[in-house]
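See below for upload.cif, which holds mmCIF, C-alpha atoms.
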```
data_input
#
loop_
_atom_site.label_atom_id
_atom_site.label_comp_id
_atom_site.auth_asym_id
_atom_site.auth_seq_id
_atom_site.Cartn_x
_atom_site.Cartn_y
_atom_site.Cartn_z
CA MET G 1205 -13.36 -14.64 33.16
CA ALA G 1206 -9.69 -14.34 32.19
CA ASP G 1207 -7.34 -17.31 31.95
CA LEU G 1208 -4.20 -15.17 31.69
CA VAL G 1209 -3.28 -11.53 32.40
CA LEU G 1210 -0.12 -9.80 31.25
CA ARG G 1211 0.45 -7.18 33.89
CA GLY G 1212 1.92 -3.72 33.45
CA GLY G 1213 3.79 -3.89 30.15
CA ARG G 1214 4.13 -1.22 27.51
CA VAL G 1215 1.33 -2.24 25.17
CA ILE G 1216 2.03 -1.20 21.58
CA ASP G 1217 -0.80 -2.05 19.19
CA PRO G 1218 -0.47 -0.06 15.95
CA ALA G 1219 -3.82 -1.38 14.67
CA SER G 1220 -5.66 0.51 17.41
CA GLY G 1221 -3.13 3.30 17.91
CA ARG G 1222 -2.47 2.15 21.47
CA ASP G 1223 0.93 2.83 23.08
CA GLU G 1224 0.60 2.89 26.86
CA THR G 1225 1.26 0.99 30.05
CA ALA G 1226 -1.61 -1.46 30.47
CA ASP G 1227 -2.69 -5.00 31.26
CA VAL G 1228 -3.86 -7.45 28.61
CA ALA G 1229 -6.26 -10.25 29.54
CA PHE G 1230 -6.98 -13.44 27.62
CA GLY G 1231 -9.77 -16.00 27.88
CA ASP G 1232 -11.15 -18.77 25.67
CA GLY G 1233 -8.32 -18.21 23.22
CA LYS G 1234 -9.06 -14.54 22.63
CA VAL G 1235 -8.22 -11.09 23.99
CA THR G 1236 -10.82 -10.25 26.64
CA GLY G 1237 -9.55 -6.93 27.94
CA VAL G 1238 -6.93 -4.20 27.58
CA GLY G 1239 -6.60 -1.52 30.24
CA ARG G 1240 -5.31 -0.53 33.66
CA ASP G 1241 -5.61 -2.79 36.71
CA LEU G 1242 -7.62 -5.56 35.10
CA ALA G 1243 -9.05 -8.03 37.59
CA GLY G 1244 -7.10 -11.26 37.70
CA GLY G 1245 -9.45 -13.50 39.61
CA GLY G 1246 -8.10 -17.02 39.23
CA ALA G 1247 -6.11 -16.15 36.12
CA GLU G 1248 -2.42 -16.84 35.63
CA ILE G 1249 -0.56 -13.54 36.07
CA VAL G 1250 2.59 -12.72 34.11
CA ASP G 1251 4.60 -9.68 35.18
CA ALA G 1252 5.30 -7.74 31.99
CA ARG G 1253 6.73 -4.61 33.61
CA GLY G 1254 9.67 -3.26 31.64
CA LEU G 1255 8.69 -5.25 28.56
CA LEU G 1256 6.94 -4.44 25.31
CA VAL G 1257 3.64 -6.27 24.88
CA VAL G 1258 2.72 -6.39 21.19
CA PRO G 1259 0.32 -8.42 19.06
CA GLY G 1260 1.70 -11.84 18.23
CA LEU G 1261 4.34 -11.21 15.58
CA ILE G 1262 3.50 -12.23 12.01
CA ASP G 1263 6.48 -13.28 9.91
CA PHE G 1264 5.13 -12.76 6.41
CA HIS G 1265 7.81 -14.75 4.60
CA THR G 1266 9.02 -18.06 6.04
CA HIS G 1267 9.64 -21.63 4.98
CA VAL G 1268 8.34 -24.05 7.59
CA TYR G 1269 7.55 -27.24 5.68
CA TRP G 1270 10.02 -29.01 7.96
CA GLY G 1271 10.83 -32.52 6.79
CA GLY G 1272 8.93 -32.13 3.56
CA THR G 1273 11.27 -29.70 1.81
CA SER G 1274 15.01 -29.19 1.99
CA LEU G 1275 14.69 -25.55 3.06
CA GLY G 1276 12.05 -26.02 5.76
CA VAL G 1277 12.67 -25.13 9.42
CA ASP G 1278 10.62 -26.08 12.48
CA ALA G 1279 8.14 -23.30 13.28
CA ALA G 1280 7.98 -24.14 16.99
CA GLU G 1281 11.76 -23.98 17.35
CA VAL G 1282 11.92 -20.68 15.46
CA ALA G 1283 9.08 -19.22 17.53
CA ARG G 1284 11.02 -19.64 20.75
CA ARG G 1285 13.73 -17.27 19.56
CA SER G 1286 11.80 -15.05 17.17
CA GLY G 1287 8.58 -14.25 19.03
CA THR G 1288 6.59 -15.26 15.96
CA THR G 1289 3.08 -16.60 16.53
CA THR G 1290 1.94 -16.58 12.88
CA PHE G 1291 4.18 -17.98 10.14
CA VAL G 1292 3.25 -17.20 6.55
CA ASP G 1293 4.84 -19.92 4.47
CA ALA G 1294 5.95 -18.42 1.16
CA GLY G 1295 5.35 -21.26 -1.26
CA SER G 1296 7.37 -24.12 0.16
CA ALA G 1297 4.73 -26.55 -1.12
CA GLY G 1298 3.14 -26.79 -4.53
CA PRO G 1299 0.03 -28.65 -5.69
CA GLY G 1300 1.89 -31.96 -5.70
CA ASN G 1301 2.84 -31.96 -2.01
CA PHE G 1302 0.53 -29.46 -0.33
CA HIS G 1303 -1.58 -32.23 1.20
CA GLY G 1304 1.44 -33.44 3.17
CA PHE G 1305 2.23 -29.93 4.35
CA ARG G 1306 -1.32 -29.54 5.59
CA ARG G 1307 -1.67 -32.87 7.38
CA HIS G 1308 1.79 -33.32 8.82
CA VAL G 1309 2.90 -29.75 9.62
CA ILE G 1310 0.12 -27.15 9.54
CA GLU G 1311 -2.66 -29.02 11.32
CA PRO G 1312 -0.55 -30.36 14.25
CA SER G 1313 1.34 -27.08 14.73
CA PRO G 1314 0.81 -25.14 17.98
CA LEU G 1315 1.54 -21.98 15.96
CA ARG G 1316 -0.58 -20.55 13.18
CA ILE G 1317 0.79 -21.35 9.71
CA ILE G 1318 -0.76 -19.58 6.72
CA PRO G 1319 0.50 -20.93 3.38
CA PHE G 1320 0.91 -19.47 -0.08
CA LEU G 1321 0.76 -22.19 -2.75
CA ASN G 1322 3.73 -22.40 -5.10
CA ILE G 1323 2.85 -22.19 -8.79
CA SER G 1324 5.30 -25.05 -9.40
CA PHE G 1325 3.90 -28.56 -8.88
CA PRO G 1326 6.63 -29.81 -6.48
CA GLY G 1327 7.09 -26.51 -4.66
CA ILE G 1328 10.63 -25.47 -3.74
CA PHE G 1329 12.05 -28.96 -4.05
CA ALA G 1330 15.84 -28.57 -4.41
CA PHE G 1331 17.08 -25.68 -2.27
CA GLY G 1332 20.24 -26.47 -0.37
CA ALA G 1333 23.89 -25.66 0.13
CA SER G 1334 25.07 -28.32 -2.34
CA VAL G 1335 22.04 -28.64 -4.64
CA MET G 1336 20.09 -25.68 -6.00
CA VAL G 1337 17.53 -26.19 -8.77
CA GLY G 1338 14.94 -23.52 -9.40
CA GLU G 1339 11.39 -24.88 -9.37
CA CYS G 1340 10.32 -22.57 -12.21
CA ALA G 1341 13.23 -23.36 -14.53
CA ASP G 1342 11.21 -26.07 -16.29
CA LEU G 1343 7.78 -24.85 -17.37
CA ARG G 1344 6.56 -28.44 -17.56
CA LEU G 1345 6.31 -28.28 -13.76
CA LEU G 1346 3.76 -25.45 -13.87
CA ASP G 1347 0.11 -26.45 -14.23
CA PRO G 1348 -2.37 -23.61 -13.54
CA ARG G 1349 -5.39 -25.94 -13.53
CA GLU G 1350 -3.85 -28.14 -10.85
CA CYS G 1351 -3.03 -25.04 -8.77
CA VAL G 1352 -6.62 -23.85 -8.95
CA ARG G 1353 -7.89 -27.30 -8.02
CA VAL G 1354 -5.72 -27.48 -4.90
CA ILE G 1355 -6.60 -23.92 -3.90
CA LYS G 1356 -10.33 -24.65 -4.17
CA ALA G 1357 -9.90 -27.77 -2.04
CA ASN G 1358 -7.99 -25.81 0.62
CA ARG G 1359 -9.59 -22.36 0.62
CA ASP G 1360 -9.74 -22.41 4.40
CA LEU G 1361 -5.93 -22.25 4.49
CA ILE G 1362 -4.30 -21.01 1.29
CA ALA G 1363 -3.86 -17.23 1.30
CA GLY G 1364 -2.23 -16.64 -2.07
CA VAL G 1365 -0.05 -17.86 -4.93
CA LYS G 1366 3.74 -17.78 -4.69
CA VAL G 1367 6.01 -17.54 -7.71
CA ARG G 1368 9.78 -17.24 -7.89
CA VAL G 1369 11.22 -15.66 -11.01
CA GLY G 1370 14.75 -14.68 -11.94
CA ARG G 1371 17.81 -16.47 -13.24
CA ASN G 1372 18.26 -18.49 -10.04
CA ALA G 1373 14.66 -19.63 -9.52
CA GLY G 1374 13.48 -19.65 -13.12
CA GLY G 1375 16.49 -20.20 -15.35
CA ALA G 1376 15.56 -19.11 -18.86
CA SER G 1377 11.80 -19.01 -18.15
CA GLY G 1378 11.81 -15.23 -17.82
CA VAL G 1379 8.53 -13.70 -16.76
CA ALA G 1380 6.35 -16.62 -17.93
CA PRO G 1381 5.94 -18.20 -14.45
CA LEU G 1382 4.66 -14.88 -13.10
CA ASP G 1383 2.10 -14.62 -15.89
CA MET G 1384 0.88 -18.12 -15.06
CA ALA G 1385 0.72 -17.33 -11.34
CA LEU G 1386 -1.30 -14.20 -12.05
CA GLU G 1387 -3.74 -16.23 -14.12
CA VAL G 1388 -4.20 -18.67 -11.21
CA ALA G 1389 -4.61 -15.76 -8.80
CA GLU G 1390 -7.25 -14.13 -10.98
CA GLU G 1391 -9.19 -17.38 -11.24
CA SER G 1392 -8.96 -17.96 -7.49
CA GLY G 1393 -9.46 -14.39 -6.27
CA LEU G 1394 -6.16 -14.40 -4.38
CA PRO G 1395 -3.02 -12.24 -4.33
CA VAL G 1396 0.34 -13.18 -5.81
CA MET G 1397 3.59 -13.01 -3.88
CA ALA G 1398 6.44 -12.55 -6.38
CA HIS G 1399 10.08 -13.34 -5.65
CA LEU G 1400 12.58 -11.67 -7.97
CA ASP G 1401 16.28 -12.53 -7.93
CA ASN G 1402 18.83 -11.85 -10.66
CA PRO G 1403 17.64 -10.84 -14.14
CA PRO G 1404 16.03 -11.93 -16.33
CA PRO G 1405 13.27 -10.88 -15.92
CA SER G 1406 13.80 -7.28 -15.00
CA ARG G 1407 12.35 -5.35 -12.10
CA LEU G 1408 10.22 -3.40 -14.57
CA GLU G 1409 8.75 -6.54 -16.18
CA VAL G 1410 7.70 -7.89 -12.78
CA LEU G 1411 6.43 -4.71 -11.13
CA SER G 1412 4.43 -3.61 -14.15
CA ARG G 1413 2.37 -6.82 -13.92
CA LEU G 1414 1.57 -6.78 -10.20
CA ARG G 1415 -1.91 -5.67 -9.12
CA ARG G 1416 -3.26 -3.92 -6.06
CA GLY G 1417 -2.80 -6.28 -3.13
CA ASP G 1418 -0.09 -8.36 -4.81
CA ILE G 1419 3.21 -8.58 -2.97
CA LEU G 1420 6.75 -7.95 -4.13
CA THR G 1421 8.97 -9.76 -1.66
CA HIS G 1422 12.73 -9.14 -1.36
CA CYS G 1423 11.85 -5.50 -2.00
CA PHE G 1424 15.13 -4.05 -0.60
CA ARG G 1425 17.42 -6.44 -2.45
CA PRO G 1426 20.90 -5.31 -3.53
CA PHE G 1427 22.03 -4.84 -7.15
CA PRO G 1428 21.03 -6.27 -9.60
CA ASN G 1429 17.26 -5.74 -9.74
CA ALA G 1430 17.55 -3.33 -6.81
CA PRO G 1431 14.74 -0.78 -6.42
CA VAL G 1432 17.20 2.15 -6.46
CA ASP G 1433 19.66 3.40 -9.05
CA ARG G 1434 23.36 3.97 -8.44
CA HIS G 1435 22.66 7.46 -7.13
CA GLY G 1436 20.17 6.17 -4.56
CA GLY G 1437 17.09 7.38 -6.42
CA ILE G 1438 13.99 5.20 -6.31
CA ARG G 1439 13.15 3.86 -9.74
CA GLU G 1440 9.90 5.09 -11.24
CA GLU G 1441 8.38 1.63 -11.68
CA VAL G 1442 8.77 1.10 -7.92
CA LEU G 1443 6.98 4.35 -7.11
CA GLU G 1444 4.25 3.58 -9.62
CA ALA G 1445 3.72 0.11 -8.14
CA ARG G 1446 3.25 1.60 -4.68
CA ARG G 1447 0.77 4.12 -6.03
CA ARG G 1448 -1.10 1.20 -7.58
CA GLY G 1449 -1.30 -0.61 -4.24
CA VAL G 1450 1.42 -3.25 -4.58
CA ILE G 1451 2.67 -4.40 -1.14
CA PHE G 1452 6.43 -4.22 -0.50
CA ASP G 1453 7.76 -6.99 1.75
CA ILE G 1454 11.37 -7.30 2.97
CA GLY G 1455 11.89 -11.10 2.79
CA HIS G 1456 15.48 -10.83 4.06
CA GLY G 1457 16.65 -14.42 3.57
CA GLY G 1458 20.15 -15.37 2.54
CA GLY G 1459 20.45 -13.20 -0.56
CA SER G 1460 17.78 -10.53 -0.62
CA PHE G 1461 18.52 -7.66 1.76
CA GLY G 1462 21.19 -4.99 1.35
CA PHE G 1463 21.95 -2.20 3.82
CA ARG G 1464 22.83 0.31 1.11
CA THR G 1465 19.56 -0.32 -0.68
CA ALA G 1466 17.63 -0.03 2.59
CA GLU G 1467 19.39 3.18 3.56
CA ALA G 1468 18.59 4.78 0.21
CA MET G 1469 14.95 3.71 0.34
CA LEU G 1470 14.44 4.92 3.91
CA ALA G 1471 16.24 8.20 3.20
CA ALA G 1472 13.75 8.79 0.40
CA GLY G 1473 10.84 8.12 2.77
CA PHE G 1474 10.00 4.73 1.24
CA LEU G 1475 9.37 2.44 4.21
CA PRO G 1476 8.63 -1.25 3.65
CA ASP G 1477 4.99 -2.19 4.10
CA VAL G 1478 5.97 -5.46 5.75
CA ILE G 1479 9.12 -6.67 7.50
CA SER G 1480 9.78 -10.41 7.23
CA SER G 1481 12.74 -12.72 7.75
CA ASP G 1482 12.52 -15.31 4.94
CA VAL G 1483 13.84 -17.78 7.49
CA HIS G 1484 14.93 -21.13 6.02
CA THR G 1485 17.77 -23.61 6.44
CA LEU G 1486 20.29 -21.37 4.65
CA SER G 1487 19.38 -18.14 6.47
CA ILE G 1488 18.47 -19.22 10.01
CA ASN G 1489 22.10 -19.10 11.16
CA GLY G 1490 22.69 -15.80 9.42
CA PRO G 1491 22.41 -13.30 7.97
CA ALA G 1492 18.63 -13.17 8.54
CA PHE G 1493 18.41 -15.35 11.69
CA ASP G 1494 14.75 -14.63 12.51
CA GLN G 1495 12.00 -12.01 12.67
CA LEU G 1496 13.29 -10.12 15.72
CA VAL G 1497 16.79 -9.78 14.31
CA THR G 1498 15.34 -8.51 11.03
CA MET G 1499 13.18 -6.01 12.93
CA SER G 1500 16.22 -4.94 14.96
CA LYS G 1501 18.08 -4.11 11.75
CA PHE G 1502 15.38 -1.60 10.89
CA LEU G 1503 15.69 0.00 14.32
CA CYS G 1504 19.41 0.26 13.57
CA LEU G 1505 18.55 1.98 10.28
CA GLY G 1506 16.41 4.59 12.04
CA MET G 1507 12.86 3.34 11.65
CA GLU G 1508 10.65 4.20 14.59
CA LEU G 1509 9.80 1.38 16.97
CA VAL G 1510 6.05 1.69 16.38
CA ASP G 1511 6.56 1.53 12.60
CA VAL G 1512 8.72 -1.57 12.93
CA ILE G 1513 6.06 -3.26 15.05
CA ARG G 1514 3.30 -2.20 12.64
CA ALA G 1515 5.23 -3.79 9.76
CA SER G 1516 5.32 -7.06 11.72
CA THR G 1517 1.74 -7.09 13.03
CA ALA G 1518 -1.03 -4.89 11.63
CA ALA G 1519 0.43 -4.53 8.13
CA PRO G 1520 0.91 -8.23 7.33
CA ALA G 1521 -2.50 -8.98 8.85
CA ALA G 1522 -4.05 -6.43 6.49
CA ALA G 1523 -2.15 -7.89 3.54
CA LEU G 1524 -3.65 -11.27 4.42
CA GLY G 1525 -7.13 -9.78 4.81
CA ARG G 1526 -7.22 -10.99 8.43
CA ALA G 1527 -8.94 -8.82 11.05
CA ASP G 1528 -8.49 -11.40 13.81
CA ILE G 1529 -4.68 -11.32 14.08
CA GLY G 1530 -2.03 -8.61 14.33
CA ARG G 1531 -3.94 -6.64 16.98
CA LEU G 1532 -4.63 -6.56 20.71
CA GLU G 1533 -8.32 -5.72 20.85
CA ILE G 1534 -11.21 -7.44 22.58
CA GLY G 1535 -12.28 -10.42 20.50
CA ALA G 1536 -9.03 -10.69 18.56
CA ALA G 1537 -7.00 -13.90 18.50
CA GLY G 1538 -5.27 -14.40 21.84
CA ASP G 1539 -1.72 -14.06 20.56
CA ALA G 1540 0.90 -11.71 22.00
CA THR G 1541 4.67 -11.36 22.04
CA LEU G 1542 6.62 -10.05 25.03
CA ILE G 1543 9.79 -8.29 23.93
CA GLU G 1544 12.70 -6.73 25.75
CA LEU G 1545 14.24 -3.69 24.08
CA VAL G 1546 17.89 -4.18 24.96
CA GLU G 1547 20.34 -1.29 24.74
CA GLY G 1548 23.97 -1.94 23.87
CA GLU G 1549 26.30 -2.27 20.90
CA PHE G 1550 25.13 -4.77 18.30
CA ASP G 1551 26.61 -5.75 14.96
CA TYR G 1552 24.25 -6.52 12.08
CA ARG G 1553 25.11 -7.92 8.65
CA ASP G 1554 23.33 -7.97 5.32
CA VAL G 1555 23.47 -10.61 2.59
CA LEU G 1556 26.62 -9.07 1.07
CA GLY G 1557 28.50 -9.27 4.37
CA GLU G 1558 28.34 -5.53 4.94
CA SER G 1559 27.84 -4.58 8.57
CA ARG G 1560 26.16 -1.82 10.53
CA SER G 1561 26.28 -1.12 14.25
CA GLY G 1562 23.07 -0.65 16.17
CA ARG G 1563 22.15 0.60 19.62
CA TRP G 1564 19.09 -1.62 20.06
CA ARG G 1565 18.22 -5.30 19.95
CA LEU G 1566 14.74 -6.83 20.29
CA LYS G 1567 14.72 -10.06 22.30
CA VAL G 1568 11.78 -12.35 23.01
CA ARG G 1569 10.79 -12.81 26.63
CA GLY G 1570 7.65 -14.87 26.18
CA LEU G 1571 4.71 -15.75 23.96
CA VAL G 1572 0.97 -16.01 24.34
CA VAL G 1573 -0.54 -18.43 21.83
CA ALA G 1574 -4.31 -18.91 21.63
CA GLY G 1575 -4.71 -17.22 25.01
CA ARG G 1576 -2.21 -19.39 26.87
CA TRP G 1577 1.30 -18.69 28.10
CA TRP G 1578 3.44 -20.63 25.63
CA HIS G 1579 6.93 -22.10 26.02
CA PRO G 1580 9.28 -19.42 27.33
CA PRO G 1581 12.46 -18.94 25.33
CA ARG G 1582 15.33 -21.23 26.12
CA ALA G 1583 18.27 -19.69 27.97
#
```
If you took the structure in this file and wrote it as structure tokens, what would it be?
Amino acid sequence: MADLVLRGGRVIDPASGRDETADVAFGDGKVTGVGRDLAGGGAEIVDARGLLVVPGLIDFHTHVYWGGTSLGVDAAEVARRSGTTTFVDAGSAGPGNFHGFRRHVIEPSPLRIIPFLNISFPGIFAFGASVMVGECADLRLLDPRECVRVIKANRDLIAGVKVRVGRNAGGASGVAPLDMALEVAEESGLPVMAHLDNPPPSRLEVLSRLRRGDILTHCFRPFPNAPVDRHGGIREEVLEARRRGVIFDIGHGGGSFGFRTAEAMLAAGFLPDVISSDVHTLSINGPAFDQLVTMSKFLCLGMELVDVIRASTAAPAAALGRADIGRLEIGAAGDATLIELVEGEFDYRDVLGESRSGRWRLKVRGLVVAGRWWHPPRA
């Protein structure tokens, strides 16, 4: 028997290839039916006509250790405006403070939070407007054995190893933090998510090390360490990494997404595998804002709606090795996002302040979390 039925929306589920007007029913925290004219019985009925009904959005790069790190935002507050039901935390916590993240944020959260463990012992500990200290700048903070210990103690939660390299995050450490993260990942059987900002190291040094299933986040960043050359051609190490099975994630954030890079990549047929916001205290009020704004930018750039939704549902679920989320099929987790596709004139900005005008904006109109109608968005 259903507890909730979403009635008459346009159901787009890239995992199953479904794109049709249908009802979606939920019971006992799971999807119990997808089809026309599903019986409601005593279920709560939500009129979804005129709306998109998609699997609960997965934001593959966020920072939601609110109160425990300087960059953390509140997942529940972000969900109300972003439509996100699964937040992948990209290494906010390290081995030294992961236990607090688990007990005080992840376990009480009404939303699903899936963490990557930072290779650095304190995690991202000094990330703010007035203080910015890279957690990988001092190699004394990196202890692979301690990382493996914490991963083994929390295998039910931790999905991978996060490492931030580049002049901003790693100072003069170069590629050494990535090599240590890869060693932890090999020992633990998990993927690595690699952040790359300004050189050193170079794009080539990082990409050549990543394995099938590892993730390069900030993959459409502007110069320097952009994936395209000055003529807009995709660099060979980028193409080779994709052939090898490396996953390319947007990770917009406050400094890692450029329109000119994105336009060149899309023109060459290189779509991102995953679209994510990298929402944190310095990006939540712009230029990233949230997952739906980031997705809307890709509609503005010409990506098809179904591909944008796939990159925010089925694709991140596959990257996580999760068959229970990112889909609307019987037995799947009972998460869904109701979205209005609004037509108008919208201005979008990248991290360099460059703007593009778009015809479409995705706006959240409701969430289903664990089979229940969750807080509607605030007016």
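Atom pair CA of Val1257 (chain G) / CA of His1579 (chain G): separated by 16.2 Å.
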| Result set, the PyMOL selection byres ((chain G and resi 1393) around 12) on current file, as a PyMOL selection string | chain G and resi 1352+1355-1356+1359+1362-1365+1385-1392+1394-1396+1415+1417-1418
| Selection result for the PyMOL selection byres ((chain G and resi 1430-1443) around 9) on this file, as a VMD selection string | chain G and resid 1407 to 1408 1411 to 1412 1423 to 1429 1444 to 1448 1464 to 1465 1467 to 1469 1471 to 1472 1474
Determine, for each residue of region 1497-1516 of chain G having at least one atom at most 9 Å from an atom of region 1564-1576 of chain G, the closest pair of atoms and their separation in Å to one decimal, counting all atoms listed in the file; order by chain and ascending number, as JSON lines.
```
{"residue": "G:Val1497", "atom": "CA", "partner": "G:Leu1566", "partner_atom": "CA", "distance": 7.0}
{"residue": "G:Met1499", "atom": "CA", "partner": "G:Leu1566", "partner_atom": "CA", "distance": 7.6}
{"residue": "G:Ser1500", "atom": "CA", "partner": "G:Arg1565", "partner_atom": "CA", "distance": 5.4}
{"residue": "G:Lys1501", "atom": "CA", "partner": "G:Arg1565", "partner_atom": "CA", "distance": 8.3}
{"residue": "G:Leu1503", "atom": "CA", "partner": "G:Trp1564", "partner_atom": "CA", "distance": 6.9}
{"residue": "G:Cys1504", "atom": "CA", "partner": "G:Trp1564", "partner_atom": "CA", "distance": 6.8}
```
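Using only C-alpha atoms, the smallest distance between any of G:Asn1301, G:Ile1451, G:Met1336, G:Leu1208 and Ala1522 (chain G) comes from G:Ile1451.
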Identify all residues satisfying the PyMOL selection byres ((chain G and resi 1481) around 6) in the given file; provide them as a short mmCIF file (atom, residue, chain, number, x, y, z; two decimals) with C-alpha atoms, keeping the file's coordinate frame.
```cif
data_model
loop_
_atom_site.label_atom_id
_atom_site.label_comp_id
_atom_site.auth_asym_id
_atom_site.auth_seq_id
_atom_site.Cartn_x
_atom_site.Cartn_y
_atom_site.Cartn_z
CA GLY G 1455 11.89 -11.10 2.79
CA HIS G 1456 15.48 -10.83 4.06
CA GLY G 1457 16.65 -14.42 3.57
CA SER G 1480 9.78 -10.41 7.23
CA ASP G 1482 12.52 -15.31 4.94
CA VAL G 1483 13.84 -17.78 7.49
CA ALA G 1492 18.63 -13.17 8.54
CA ASP G 1494 14.75 -14.63 12.51
CA GLN G 1495 12.00 -12.01 12.67
CA THR G 1498 15.34 -8.51 11.03
#
```
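Coordinates place CA of His1399 (chain G) at a distance of 11.6 Å from CA of Gly1459 (chain G).
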Please report as CSV every residue of region 1448-1561 of chain G lying within 9 Å of region 1211-1227 of chain G, along with the nearest atom pair and their distance in Å (one decimal), using only C-alpha atoms.
```
residue,atom,partner,partner_atom,distance
G:Val1510,CA,G:Pro1218,CA,6.8
G:Asp1511,CA,G:Pro1218,CA,7.9
G:Ile1513,CA,G:Pro1218,CA,7.3
G:Arg1514,CA,G:Pro1218,CA,5.5
G:Thr1517,CA,G:Pro1218,CA,7.9
G:Ala1518,CA,G:Ala1219,CA,5.4
G:Ala1519,CA,G:Ala1219,CA,8.4
G:Gly1530,CA,G:Ala1219,CA,7.5
G:Arg1531,CA,G:Ala1219,CA,5.7
G:Leu1532,CA,G:Asp1217,CA,6.1
G:Glu1533,CA,G:Ser1220,CA,7.6
G:Leu1542,CA,G:Gly1213,CA,8.5
```
Taking all listed atoms of region 1513-1529 of chain G, build the axis-aligned box, pad each of the six sides by 8 Å, then write its centre and edge lengths in Å to one decimal as AutoDock Vina command-line options.
```
--center_x -1.4 --center_y -6.8 --center_z 9.3 --size_x 31.0 --size_y 25.2 --size_z 27.5
```
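A straight line drawn from CA of Thr1421 (chain G) to CA of Ser1377 (chain G) is 19.1 Å long.
Shortest atom-to-atom contact with Gly1458 (chain G) among G:Leu1275, G:Arg1413, G:Ser1324, G:Ala1280: G:Leu1275, counting all atoms listed in the file.
Nearest residue to Ser1516 (chain G), choosing from G:Phe1264, G:Phe1452, G:Phe1291, G:Phe1305 and counting only C-alpha atoms: G:Phe1264.
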